[in-house]
file coords_12.cif (mmCIF, C-alpha atoms and all ligand atoms)
data_protein
#
loop_
_atom_site.label_atom_id
_atom_site.label_comp_id
_atom_site.auth_asym_id
_atom_site.auth_seq_id
_atom_site.Cartn_x
_atom_site.Cartn_y
_atom_site.Cartn_z
CA MET A 8 0.00 0.00 0.00
CA ILE A 9 1.21 3.53 -0.63
CA VAL A 10 0.01 6.75 0.92
CA ILE A 11 0.10 9.78 -1.36
CA MET A 12 0.29 13.03 0.57
CA LYS A 13 -1.38 16.28 -0.50
CA LEU A 14 0.69 19.10 -1.95
CA THR A 15 -0.18 21.04 1.19
CA ALA A 16 0.86 18.28 3.62
CA THR A 17 3.09 19.55 6.39
CA ALA A 18 6.18 17.86 7.81
CA ARG A 19 4.08 17.02 10.84
CA ASP A 20 1.38 15.34 8.69
CA ILE A 21 4.10 13.23 7.09
CA SER A 22 5.65 12.23 10.40
CA ASN A 23 2.22 11.33 11.78
CA VAL A 24 1.64 8.95 8.87
CA ILE A 25 5.09 7.44 9.36
CA ALA A 26 4.35 6.94 13.05
CA ARG A 27 1.08 5.19 12.18
CA VAL A 28 2.88 2.91 9.70
CA LYS A 29 5.37 1.92 12.39
CA MET A 30 2.60 1.37 14.92
CA ASP A 31 0.96 -1.03 12.45
CA GLY A 32 4.23 -2.95 12.25
CA TYR A 33 5.36 -1.96 8.76
CA GLU A 34 8.34 -0.08 7.43
CA ALA A 35 7.79 3.35 5.93
CA HIS A 36 9.77 4.34 2.83
CA LEU A 37 9.62 7.94 1.80
CA SER A 38 9.69 9.07 -1.83
CA GLU A 39 9.81 12.82 -2.20
CA GLY A 40 8.65 13.54 -5.74
CA GLU A 41 8.48 16.91 -7.45
CA ALA A 42 4.78 17.20 -6.70
CA HIS A 43 3.84 14.76 -3.96
CA THR A 44 5.50 12.99 -1.09
CA ILE A 45 4.66 9.30 -1.22
CA ILE A 46 5.01 6.93 1.71
CA GLY A 47 5.40 3.26 0.86
CA LEU A 48 4.38 0.63 3.42
CA VAL A 49 6.53 -2.45 3.16
CA GLY A 50 7.19 -5.53 5.23
CA GLU A 51 4.96 -7.99 6.97
CA SER A 52 2.89 -7.50 10.08
CA PRO A 53 0.02 -9.34 11.75
CA THR A 54 -1.93 -6.05 11.65
CA PRO A 55 -4.05 -5.95 8.48
CA LEU A 56 -3.80 -2.63 6.70
CA ARG A 57 -6.96 -0.53 6.70
CA GLU A 58 -7.05 2.08 3.97
CA ASP A 59 -9.45 4.32 5.88
CA HIS A 60 -7.05 4.53 8.83
CA TYR A 61 -4.70 6.38 6.54
CA SER A 62 -7.01 8.13 4.08
CA THR A 63 -8.66 10.09 6.91
CA MET A 64 -5.40 11.41 8.30
CA ASP A 65 -4.43 15.06 7.91
CA GLY A 66 -2.46 15.81 4.76
CA VAL A 67 -3.30 12.53 3.04
CA ASP A 68 -4.49 12.85 -0.55
CA ARG A 69 -5.22 9.19 -1.27
CA VAL A 70 -4.21 5.64 -0.51
CA VAL A 71 -3.38 3.15 -3.27
CA ARG A 72 -3.05 -0.61 -2.97
CA VAL A 73 -0.08 -1.82 -5.00
CA SER A 74 -0.91 -5.18 -6.47
CA SER A 75 2.62 -6.03 -7.62
CA PRO A 76 4.80 -7.95 -5.15
CA TYR A 77 7.48 -5.27 -5.55
CA LYS A 78 6.64 -1.92 -4.01
CA LEU A 79 9.69 0.33 -3.94
CA ALA A 80 10.63 -0.67 -7.49
CA SER A 81 7.13 0.11 -8.71
CA ARG A 82 6.19 3.22 -10.64
CA ASN A 83 3.17 3.64 -8.36
CA TYR A 84 5.51 4.37 -5.50
CA HIS A 85 7.79 6.66 -7.51
CA PRO A 86 5.94 8.05 -10.53
CA ASN A 87 8.91 10.01 -11.93
CA ASP A 88 11.93 8.37 -13.54
CA THR A 89 14.73 7.76 -11.07
CA LEU A 90 17.94 9.39 -12.22
CA VAL A 91 21.09 7.47 -11.34
CA ALA A 92 24.14 9.72 -11.35
CA LEU A 93 27.22 8.59 -13.19
CA ASN A 94 29.97 11.18 -13.14
CA GLY A 95 27.92 14.18 -14.23
CA SER A 96 25.64 12.14 -16.50
CA HIS A 97 22.41 10.51 -15.35
CA ALA A 98 20.95 7.16 -16.34
CA GLY A 99 17.23 7.76 -16.77
CA SER A 100 17.69 11.25 -18.25
CA LYS A 101 17.42 12.25 -21.90
CA GLN A 102 21.00 11.12 -22.45
CA VAL A 103 21.57 7.52 -23.48
CA LEU A 104 24.65 6.39 -21.54
CA VAL A 105 27.27 4.19 -23.16
CA ILE A 106 29.31 1.93 -20.89
CA ALA A 107 32.09 0.18 -22.79
CA GLY A 108 35.15 -1.94 -22.20
CA PRO A 109 36.48 -5.47 -22.23
CA CYS A 110 34.66 -8.47 -20.82
CA SER A 111 37.67 -9.11 -18.53
CA VAL A 112 40.48 -6.75 -17.66
CA GLU A 113 43.57 -8.53 -18.90
CA SER A 114 46.56 -6.32 -18.07
CA ARG A 115 47.32 -2.85 -16.72
CA GLU A 116 48.48 -1.46 -20.06
CA GLN A 117 45.54 -2.86 -21.93
CA THR A 118 42.97 -1.62 -19.40
CA ILE A 119 44.34 1.89 -19.63
CA GLU A 120 44.58 1.78 -23.41
CA ILE A 121 40.96 0.64 -23.75
CA ALA A 122 39.78 3.34 -21.35
CA HIS A 123 41.36 6.05 -23.50
CA ALA A 124 40.01 4.50 -26.69
CA VAL A 125 36.41 4.17 -25.53
CA LYS A 126 36.46 7.62 -23.97
CA GLU A 127 37.66 9.14 -27.23
CA ALA A 128 34.88 7.32 -29.08
CA GLY A 129 32.29 8.85 -26.71
CA ALA A 130 31.73 6.36 -23.88
CA THR A 131 30.31 7.71 -20.62
CA ALA A 132 31.72 4.93 -18.42
CA MET A 133 34.07 1.99 -18.60
CA ARG A 134 33.23 -1.65 -17.94
CA GLY A 135 35.64 -4.50 -17.24
CA GLY A 136 35.49 -7.64 -15.14
CA ALA A 137 38.09 -8.41 -12.48
CA PHE A 138 36.01 -11.22 -10.95
CA LYS A 139 34.53 -13.33 -13.73
CA PRO A 140 31.58 -15.71 -13.39
CA ARG A 141 32.68 -18.46 -15.79
CA THR A 142 30.64 -21.52 -16.63
CA SER A 143 33.77 -23.68 -16.40
CA PRO A 144 36.04 -23.66 -13.34
CA TYR A 145 38.96 -24.16 -15.75
CA SER A 146 38.29 -20.92 -17.66
CA PHE A 147 40.04 -17.65 -16.80
CA GLN A 148 38.46 -16.36 -13.58
CA GLY A 149 39.76 -12.77 -13.69
CA HIS A 150 42.67 -10.93 -12.09
CA GLY A 151 40.82 -10.05 -8.87
CA GLU A 152 42.02 -7.06 -6.84
CA LYS A 153 44.91 -6.38 -9.20
CA GLY A 154 42.33 -5.95 -11.96
CA LEU A 155 40.38 -3.50 -9.81
CA GLN A 156 43.56 -1.46 -9.30
CA TRP A 157 44.07 -1.25 -13.07
CA LEU A 158 40.48 -0.09 -13.49
CA ALA A 159 40.94 2.57 -10.82
CA GLU A 160 44.07 3.78 -12.59
CA ALA A 161 42.15 3.92 -15.87
CA ARG A 162 39.56 6.10 -14.13
CA GLU A 163 42.27 8.39 -12.77
CA GLN A 164 43.66 8.92 -16.25
CA THR A 165 40.39 9.29 -18.16
CA GLY A 166 37.78 10.34 -15.60
CA LEU A 167 35.52 7.50 -16.77
CA PRO A 168 33.50 5.92 -13.94
CA ILE A 169 34.08 2.19 -13.52
CA VAL A 170 31.46 -0.56 -13.75
CA THR A 171 32.67 -3.96 -12.54
CA GLU A 172 31.15 -7.19 -11.32
CA VAL A 173 31.08 -8.35 -7.72
CA MET A 174 30.19 -11.99 -7.07
CA ASP A 175 30.83 -12.44 -3.37
CA PRO A 176 29.05 -10.51 -0.59
CA ALA A 177 32.28 -10.53 1.44
CA LEU A 178 34.07 -8.68 -1.36
CA VAL A 179 31.53 -5.85 -1.72
CA PRO A 180 33.51 -3.41 0.50
CA MET A 181 36.70 -4.09 -1.45
CA VAL A 182 35.04 -3.64 -4.85
CA CYS A 183 33.40 -0.42 -3.56
CA ASP A 184 36.89 0.94 -2.83
CA TYR A 185 37.73 0.86 -6.53
CA ALA A 186 34.48 0.92 -8.51
CA ASP A 187 31.72 3.45 -9.10
CA VAL A 188 29.10 0.86 -10.06
CA LEU A 189 28.75 -2.69 -8.74
CA GLN A 190 27.56 -5.08 -11.41
CA VAL A 191 25.45 -8.00 -10.22
CA GLY A 192 25.73 -10.51 -13.05
CA ALA A 193 22.99 -12.58 -14.62
CA ARG A 194 24.09 -15.70 -12.75
CA ASN A 195 23.83 -13.90 -9.43
CA MET A 196 20.56 -12.04 -9.93
CA GLN A 197 18.94 -14.15 -7.21
CA ASN A 198 21.95 -14.43 -4.94
CA PHE A 199 20.08 -12.87 -2.06
CA ALA A 200 23.09 -12.53 0.23
CA LEU A 201 24.79 -10.53 -2.52
CA LEU A 202 21.69 -8.38 -3.07
CA HIS A 203 21.64 -7.58 0.67
CA ALA A 204 25.31 -6.68 0.62
CA VAL A 205 25.13 -4.38 -2.41
CA GLY A 206 21.97 -2.81 -0.97
CA GLU A 207 23.73 -2.05 2.28
CA SER A 208 26.77 -0.65 0.52
CA GLN A 209 24.69 2.27 -0.83
CA GLN A 210 26.85 2.08 -3.96
CA THR A 211 25.29 2.34 -7.43
CA VAL A 212 24.28 -1.08 -8.75
CA LEU A 213 23.81 -2.45 -12.27
CA LEU A 214 21.51 -5.43 -11.82
CA LYS A 215 21.48 -7.83 -14.75
CA ARG A 216 18.48 -9.98 -15.54
CA GLY A 217 19.11 -13.68 -15.04
CA MET A 218 19.08 -15.70 -18.22
CA ALA A 219 16.03 -17.69 -17.05
CA ASN A 220 14.27 -15.04 -15.02
CA THR A 221 11.11 -13.09 -15.66
CA MET A 222 10.88 -9.34 -15.52
CA GLU A 223 9.02 -9.71 -12.25
CA ASP A 224 11.90 -11.76 -10.81
CA LEU A 225 14.26 -8.95 -11.85
CA LEU A 226 12.10 -6.32 -10.16
CA MET A 227 11.89 -8.44 -7.00
CA SER A 228 15.69 -8.60 -6.93
CA ALA A 229 15.81 -4.83 -7.37
CA GLU A 230 13.39 -4.61 -4.44
CA TYR A 231 15.97 -6.37 -2.22
CA ILE A 232 18.47 -3.63 -2.97
CA LEU A 233 15.95 -0.79 -2.67
CA SER A 234 14.69 -2.13 0.66
CA HIS A 235 18.10 -1.27 2.14
CA GLY A 236 17.52 2.37 1.26
CA ASN A 237 19.80 2.14 -1.79
CA SER A 238 17.83 3.63 -4.66
CA ARG A 239 20.79 3.85 -7.05
CA VAL A 240 19.79 0.82 -9.09
CA MET A 241 19.94 0.36 -12.86
CA LEU A 242 18.21 -2.64 -14.41
CA CYS A 243 19.92 -4.45 -17.29
CA GLU A 244 18.39 -6.59 -20.04
CA ARG A 245 21.15 -8.87 -21.34
CA GLY A 246 19.18 -11.53 -23.21
CA ILE A 247 17.41 -14.63 -22.01
CA ARG A 248 17.75 -18.31 -22.88
CA THR A 249 15.42 -19.62 -25.53
CA PHE A 250 15.51 -22.57 -27.94
CA GLU A 251 17.32 -20.41 -30.53
CA LYS A 252 20.81 -21.63 -31.41
CA TYR A 253 22.03 -19.01 -33.89
CA THR A 254 22.52 -16.44 -31.15
CA ARG A 255 24.03 -16.72 -27.65
CA ASN A 256 20.84 -15.52 -25.98
CA THR A 257 17.63 -13.91 -27.18
CA PHE A 258 17.46 -10.17 -26.63
CA ASP A 259 14.12 -9.47 -25.02
CA VAL A 260 13.33 -6.06 -26.47
CA ASN A 261 9.92 -6.28 -24.76
CA ALA A 262 11.68 -5.87 -21.43
CA ILE A 263 12.68 -2.30 -22.17
CA PRO A 264 9.28 -0.58 -22.50
CA VAL A 265 7.63 -3.00 -20.06
CA LEU A 266 10.21 -2.50 -17.28
CA LYS A 267 10.09 1.24 -17.84
CA ALA A 268 6.32 1.25 -17.58
CA ARG A 269 6.25 -0.84 -14.40
CA SER A 270 9.26 0.66 -12.70
CA HIS A 271 10.89 4.06 -12.29
CA LEU A 272 14.41 2.60 -12.50
CA PRO A 273 16.63 3.19 -15.54
CA VAL A 274 16.98 0.31 -17.98
CA ILE A 275 20.32 -0.45 -19.62
CA ALA A 276 20.65 -2.89 -22.54
CA ASP A 277 23.57 -5.25 -23.07
CA PRO A 278 23.55 -6.15 -26.76
CA SER A 279 26.89 -8.01 -26.48
CA HIS A 280 25.73 -10.81 -24.18
CA ALA A 281 22.25 -10.71 -25.70
CA VAL A 282 23.26 -11.64 -29.24
CA GLY A 283 26.77 -13.00 -28.71
CA TYR A 284 28.19 -12.13 -32.15
CA SER A 285 29.99 -8.85 -32.77
CA GLU A 286 28.56 -8.45 -36.28
CA HIS A 287 25.05 -8.19 -34.80
CA VAL A 288 25.79 -6.10 -31.71
CA THR A 289 25.12 -2.72 -33.35
CA ALA A 290 21.72 -3.80 -34.72
CA ILE A 291 20.60 -4.90 -31.25
CA ALA A 292 22.03 -1.75 -29.65
CA LEU A 293 19.99 0.38 -32.06
CA ALA A 294 16.83 -1.62 -31.38
CA ALA A 295 17.37 -1.10 -27.66
CA VAL A 296 17.77 2.65 -28.02
CA ALA A 297 14.72 2.87 -30.29
CA ALA A 298 12.74 0.94 -27.66
CA GLY A 299 13.67 3.45 -24.96
CA ALA A 300 16.77 2.07 -23.26
CA ASP A 301 18.51 4.56 -20.98
CA GLY A 302 21.92 3.19 -21.79
CA LEU A 303 24.03 0.48 -23.34
CA ILE A 304 26.76 -1.70 -21.89
CA VAL A 305 28.96 -3.01 -24.67
CA GLU A 306 32.06 -5.20 -24.79
CA VAL A 307 35.00 -3.64 -26.63
CA HIS A 308 38.44 -5.17 -27.13
CA PRO A 309 41.43 -3.98 -29.21
CA CYS A 310 41.84 -7.46 -30.67
CA PRO A 311 38.68 -9.51 -30.08
CA ALA A 312 40.23 -12.70 -31.48
CA GLU A 313 42.74 -12.68 -28.61
CA ALA A 314 40.36 -11.72 -25.78
CA MET A 315 40.54 -13.91 -22.68
CA SER A 316 36.74 -14.01 -22.53
CA ASP A 317 33.82 -13.15 -24.80
CA GLY A 318 35.96 -12.17 -27.79
CA ARG A 319 33.37 -13.43 -30.26
CA GLN A 320 30.90 -10.77 -29.14
CA SER A 321 33.39 -7.93 -28.56
CA LEU A 322 33.55 -4.96 -30.91
CA ASP A 323 36.97 -3.66 -31.96
CA TYR A 324 37.62 0.07 -31.70
CA ASP A 325 36.47 0.77 -35.22
CA GLY A 326 33.29 -1.23 -34.72
CA PHE A 327 32.61 0.62 -31.47
CA ARG A 328 33.08 4.04 -33.09
CA LYS A 329 30.66 3.07 -35.85
CA MET A 330 28.17 1.79 -33.30
CA ILE A 331 28.28 5.10 -31.43
CA ASP A 332 27.70 7.04 -34.66
CA SER A 333 24.59 4.98 -35.39
CA VAL A 334 23.41 5.11 -31.77
CA ARG A 335 23.54 8.90 -31.92
CA LEU A 336 21.30 8.96 -35.00
CA VAL A 337 18.69 6.66 -33.45
CA ALA A 338 18.86 8.47 -30.10
CA GLU A 339 18.15 11.75 -31.87
CA ALA A 340 15.27 10.19 -33.81
CA VAL A 341 13.59 9.22 -30.53
CA GLY A 342 14.23 12.55 -28.80
CA ARG A 343 17.32 11.53 -26.86
CA THR A 344 21.05 12.27 -27.02
CA ALA A 345 24.02 9.94 -26.80
C1 LIG B 401 29.66 -9.73 -18.24
O1 LIG B 401 29.15 -8.61 -18.16
O2 LIG B 401 30.80 -9.94 -18.70
C2 LIG B 401 28.84 -10.91 -17.84
C3 LIG B 401 29.40 -12.01 -17.38
O3 LIG B 401 27.53 -10.67 -18.03
P1 LIG B 401 26.25 -11.59 -17.67
O4 LIG B 401 26.22 -11.67 -16.18
O5 LIG B 401 25.12 -10.81 -18.25
O6 LIG B 401 26.44 -12.93 -18.34
MN MN B 402 31.31 -10.87 -20.90
#
call {"tool": "encode", "arguments": {"input": "coords_12.cif", "output": "structure tokens", "more": "lines below"}}
Ligand code: PEP
Ligand code: MN
result
Amino acid sequence: MIVIMKLTATARDISNVIARVKMDGYEAHLSEGEAHTIIGLVGESPTPLREDHYSTMDGVDRVVRVSSPYKLASRNYHPNDTLVALNGSHAGSKQVLVIAGPCSVESREQTIEIAHAVKEAGATAMRGGAFKPRTSPYSFQGHGEKGLQWLAEAREQTGLPIVTEVMDPALVPMVCDYADVLQVGARNMQNFALLHAVGESQQTVLLKRGMANTMEDLLMSAEYILSHGNSRVMLCERGIRTFEKYTRNTFDVNAIPVLKARSHLPVIADPSHAVGYSEHVTAIALAAVAAGADGLIVEVHPCPAEAMSDGRQSLDYDGFRKMIDSVRLVAEAVGRTA
């Protein structure tokens, strides 16, 4: 249930509602919009919620039952788009953000070189994995903390914010020391201990949709993070598993307008993991932008054939520059910038 306060509600009216929520055994989450203050009631309590107990209180405009199992992630609770700050840019604004970099960071020199290259081509942030979730335990697992140090150095030199994956709740504080955005990967979307830890960290999170998860599952995972008071969450559509064999995954373009309609959180598209083949990445990126994506996360490597992971889907520098040129045209056509 959410309580929407009147424009004229006073601070005292708001604190009275919050006190009532607590008395009923629920948690009160405050969303201060441009027009209205909205109070979300979350949690479980033996006290059934009575709408009239709230609707008759001073300063209350109306009370709305939220039928979705997620509350804080719902657009009912927060009607305006949430803007997630990324170094002067905002995911969820008119600008389509472009996060680019290698699947894995491979060496210091290469990390720094890629950072300069993607920045020059127009990227807003850099991606790169230091902890890699690999299907096989025998595949390259990432360079760990050393990789994070290279990423931090790349940020120092270029000013690009860093997006990198964290897989272990115990490592969240360490990754926060180096990164601007914590990526929760598709395989960990329902790792609830990790969701708690990134929620508590209050660091910006890029939450990727699991390859066999529904949009509702994704929003429920976002709810875990939001319930810790961390509202800096970006959702990411990275393709789901279907019966199709000609692509790595199936890009669910539906997810972009549907998630944006149901939630106030920005939606980022990952065309690289979605399609899995570099020659098709730009087409999927353009479809995502046309469908309303707030940003793209794209794998870029100076020599994709030699990449330690995901080379087949990585764009080279030239391919990335061409992608950005096309993204700008489509962004403009749909009233955005890139
Ligand atoms: C990645 O970003 O390199 C990655 C492993 O992504 P996903 O979790 O979407 O597979
Ligand atoms: Mn990858």
call {"tool": "residues_around", "arguments": {"input": "coords_12.cif", "residues": "segment 271-280 of chain A", "least_positions_apart": "5", "cutoff": "7 Å", "atoms": "all atoms listed in the file", "output": "PyMOL selection string"}}
result
chain A and resi 80-82+85-89+98-99+240-246+263+288+291-292+295+300-306+320-321
call {"tool": "residues_near_ligand", "arguments": {"input": "coords_12.cif", "ligand": "ligand MN 402 (chain B)", "cutoff": "10 Å", "atoms": "all atoms listed in the file", "output": "list in words"}}
result
Gly108, Pro109, Cys110, Ser111, Arg134, Gly135, Gly136, Lys139, Pro140, Arg141, Gly192, Asp277, Ser279, His280, Gly283, Val305, Glu306, Val307, Met315, Ser316, Asp317, Gly318, Arg319, Gln320 and Ser321 of chain A
call {"tool": "write_last_selection", "arguments": {"input": "coords_12.cif", "atoms": "C-alpha atoms", "output": "short mmCIF file (atom, residue, chain, number, x, y, z; two decimals), in the coordinates of the input"}}
result
data_model
loop_
_atom_site.label_atom_id
_atom_site.label_comp_id
_atom_site.auth_asym_id
_atom_site.auth_seq_id
_atom_site.Cartn_x
_atom_site.Cartn_y
_atom_site.Cartn_z
CA GLY A 108 35.15 -1.94 -22.20
CA PRO A 109 36.48 -5.47 -22.23
CA CYS A 110 34.66 -8.47 -20.82
CA SER A 111 37.67 -9.11 -18.53
CA ARG A 134 33.23 -1.65 -17.94
CA GLY A 135 35.64 -4.50 -17.24
CA GLY A 136 35.49 -7.64 -15.14
CA LYS A 139 34.53 -13.33 -13.73
CA PRO A 140 31.58 -15.71 -13.39
CA ARG A 141 32.68 -18.46 -15.79
CA GLY A 192 25.73 -10.51 -13.05
CA ASP A 277 23.57 -5.25 -23.07
CA SER A 279 26.89 -8.01 -26.48
CA HIS A 280 25.73 -10.81 -24.18
CA GLY A 283 26.77 -13.00 -28.71
CA VAL A 305 28.96 -3.01 -24.67
CA GLU A 306 32.06 -5.20 -24.79
CA VAL A 307 35.00 -3.64 -26.63
CA MET A 315 40.54 -13.91 -22.68
CA SER A 316 36.74 -14.01 -22.53
CA ASP A 317 33.82 -13.15 -24.80
CA GLY A 318 35.96 -12.17 -27.79
CA ARG A 319 33.37 -13.43 -30.26
CA GLN A 320 30.90 -10.77 -29.14
CA SER A 321 33.39 -7.93 -28.56
#
call {"tool": "atom_distance", "arguments": {"input": "coords_12.cif", "atom1": "atom CA of Ala92 of chain A", "atom2": "atom CA of Ala219 of chain A"}}
result
29.1 Å
call {"tool": "residues_around", "arguments": {"input": "coords_12.cif", "residues": "Ala124 of chain A", "least_positions_apart": "6", "cutoff": "10 Å", "atoms": "all atoms listed in the file", "output": "compact mmCIF listing (two decimals) with C-alpha atoms, in the coordinates of the input"}}
result
# COMPACT_ATOMS: atom_id res chain seq x y z
CA ALA A 107 32.09 0.18 -22.79
CA GLY A 108 35.15 -1.94 -22.20
CA THR A 118 42.97 -1.62 -19.40
CA ALA A 130 31.73 6.36 -23.88
CA THR A 165 40.39 9.29 -18.16
CA VAL A 307 35.00 -3.64 -26.63
CA HIS A 308 38.44 -5.17 -27.13
CA PRO A 309 41.43 -3.98 -29.21
CA TYR A 324 37.62 0.07 -31.70
CA ASP A 325 36.47 0.77 -35.22
CA PHE A 327 32.61 0.62 -31.47
CA ARG A 328 33.08 4.04 -33.09
call {"tool": "atom_distance", "arguments": {"input": "coords_12.cif", "atom1": "atom CA of Gly206 of chain A", "atom2": "atom CA of His235 of chain A"}}
result
5.2 Å
call {"tool": "residues_near_point", "arguments": {"input": "coords_12.cif", "point": "(5.0, -0.4, -1.5)", "cutoff": "12 Å", "atoms": "only C-alpha atoms", "output": "ChimeraX atom specification"}}
result
/A:8-11,28,33-38,45-51,70-85,227,230,233-234
call {"tool": "atom_distance", "arguments": {"input": "coords_12.cif", "atom1": "atom CA of Asp184 of chain A", "atom2": "atom CA of Ser228 of chain A"}}
result
23.6 Å
call {"tool": "closest_residue", "arguments": {"input": "coords_12.cif", "among": "A:Asn237, A:Ser114, A:Gln197, A:Thr54", "to": "ligand LIG 401 (chain B)", "atoms": "all atoms listed in the file"}}
result
A:Gln197
call {"tool": "axis_aligned_box", "arguments": {"input": "coords_12.cif", "around": "ligand LIG 401 (chain B)", "padding_each_side": "6 Å", "output": "lines of an AutoDock Vina configuration file"}}
result
center_x = 28.0
center_y = -10.8
center_z = -17.4
size_x = 17.7
size_y = 16.3
size_z = 14.5
call {"tool": "closest_residue", "arguments": {"input": "coords_12.cif", "among": "A:Ala193, A:Leu167, A:Ala16, A:Ala297", "to": "Val105 of chain A", "atoms": "all atoms listed in the file"}}
result
A:Leu167
call {"tool": "closest_residue", "arguments": {"input": "coords_12.cif", "among": "A:Glu113, A:Asp20, A:Asp31, A:Glu223", "to": "Pro53 of chain A", "atoms": "only C-alpha atoms"}}
result
A:Asp31
call {"tool": "residues_near_point", "arguments": {"input": "coords_12.cif", "point": "(27.8, 16.2, -16.2)", "cutoff": "12 Å", "atoms": "all atoms listed in the file", "output": "list in words"}}
result
Ala92, Leu93, Asn94, Gly95, Ser96, His97, Ala98, Ser100, Gln102, Leu104, Thr131, Gly166, Leu167 and Pro168 of chain A
call {"tool": "closest_residue", "arguments": {"input": "coords_12.cif", "among": "A:Leu158, A:Ala18, A:Val265, A:Met218", "to": "ligand LIG 401 (chain B)", "atoms": "only C-alpha atoms and all ligand atoms"}}
result
A:Met218
call {"tool": "closest_residue", "arguments": {"input": "coords_12.cif", "among": "A:Arg248, A:Arg19, A:Arg239, A:Lys101", "to": "ligand LIG 401 (chain B)", "atoms": "only C-alpha atoms and all ligand atoms"}}
result
A:Arg248
call {"tool": "decode", "arguments": {"input": "coords_12.cif", "residues": "segment 97-109 of chain A", "atoms": "N, CA and C atoms", "output": "short mmCIF file (atom, residue, chain, number, x, y, z; two decimals), in the first residue's frame"}}
result
data_model
loop_
_atom_site.label_atom_id
_atom_site.label_comp_id
_atom_site.auth_asym_id
_atom_site.auth_seq_id
_atom_site.Cartn_x
_atom_site.Cartn_y
_atom_site.Cartn_z
N HIS A 97 23.44 11.19 -16.14
CA HIS A 97 22.41 10.51 -15.35
C HIS A 97 21.73 9.45 -16.19
N ALA A 98 21.75 8.21 -15.70
CA ALA A 98 20.95 7.16 -16.34
C ALA A 98 19.50 7.45 -15.99
N GLY A 99 18.65 7.44 -17.00
CA GLY A 99 17.23 7.76 -16.77
C GLY A 99 16.90 9.16 -17.26
N SER A 100 17.92 9.90 -17.70
CA SER A 100 17.69 11.25 -18.25
C SER A 100 17.52 11.12 -19.76
N LYS A 101 17.56 12.26 -20.44
CA LYS A 101 17.42 12.25 -21.90
C LYS A 101 18.64 11.60 -22.57
N GLN A 102 19.75 11.65 -21.87
CA GLN A 102 21.00 11.12 -22.45
C GLN A 102 21.06 9.60 -22.36
N VAL A 103 21.36 8.97 -23.47
CA VAL A 103 21.57 7.52 -23.48
C VAL A 103 23.04 7.28 -23.11
N LEU A 104 23.27 6.61 -21.99
CA LEU A 104 24.65 6.39 -21.54
C LEU A 104 25.27 5.22 -22.30
N VAL A 105 26.56 5.30 -22.50
CA VAL A 105 27.27 4.19 -23.16
C VAL A 105 28.41 3.74 -22.24
N ILE A 106 28.29 2.52 -21.76
CA ILE A 106 29.31 1.93 -20.89
C ILE A 106 30.05 0.92 -21.76
N ALA A 107 31.36 1.04 -21.85
CA ALA A 107 32.09 0.18 -22.79
C ALA A 107 33.42 -0.26 -22.21
N GLY A 108 33.85 -1.43 -22.64
CA GLY A 108 35.15 -1.94 -22.20
C GLY A 108 35.20 -3.44 -22.39
N PRO A 109 36.31 -4.03 -21.98
CA PRO A 109 36.48 -5.47 -22.23
C PRO A 109 35.59 -6.30 -21.31
#
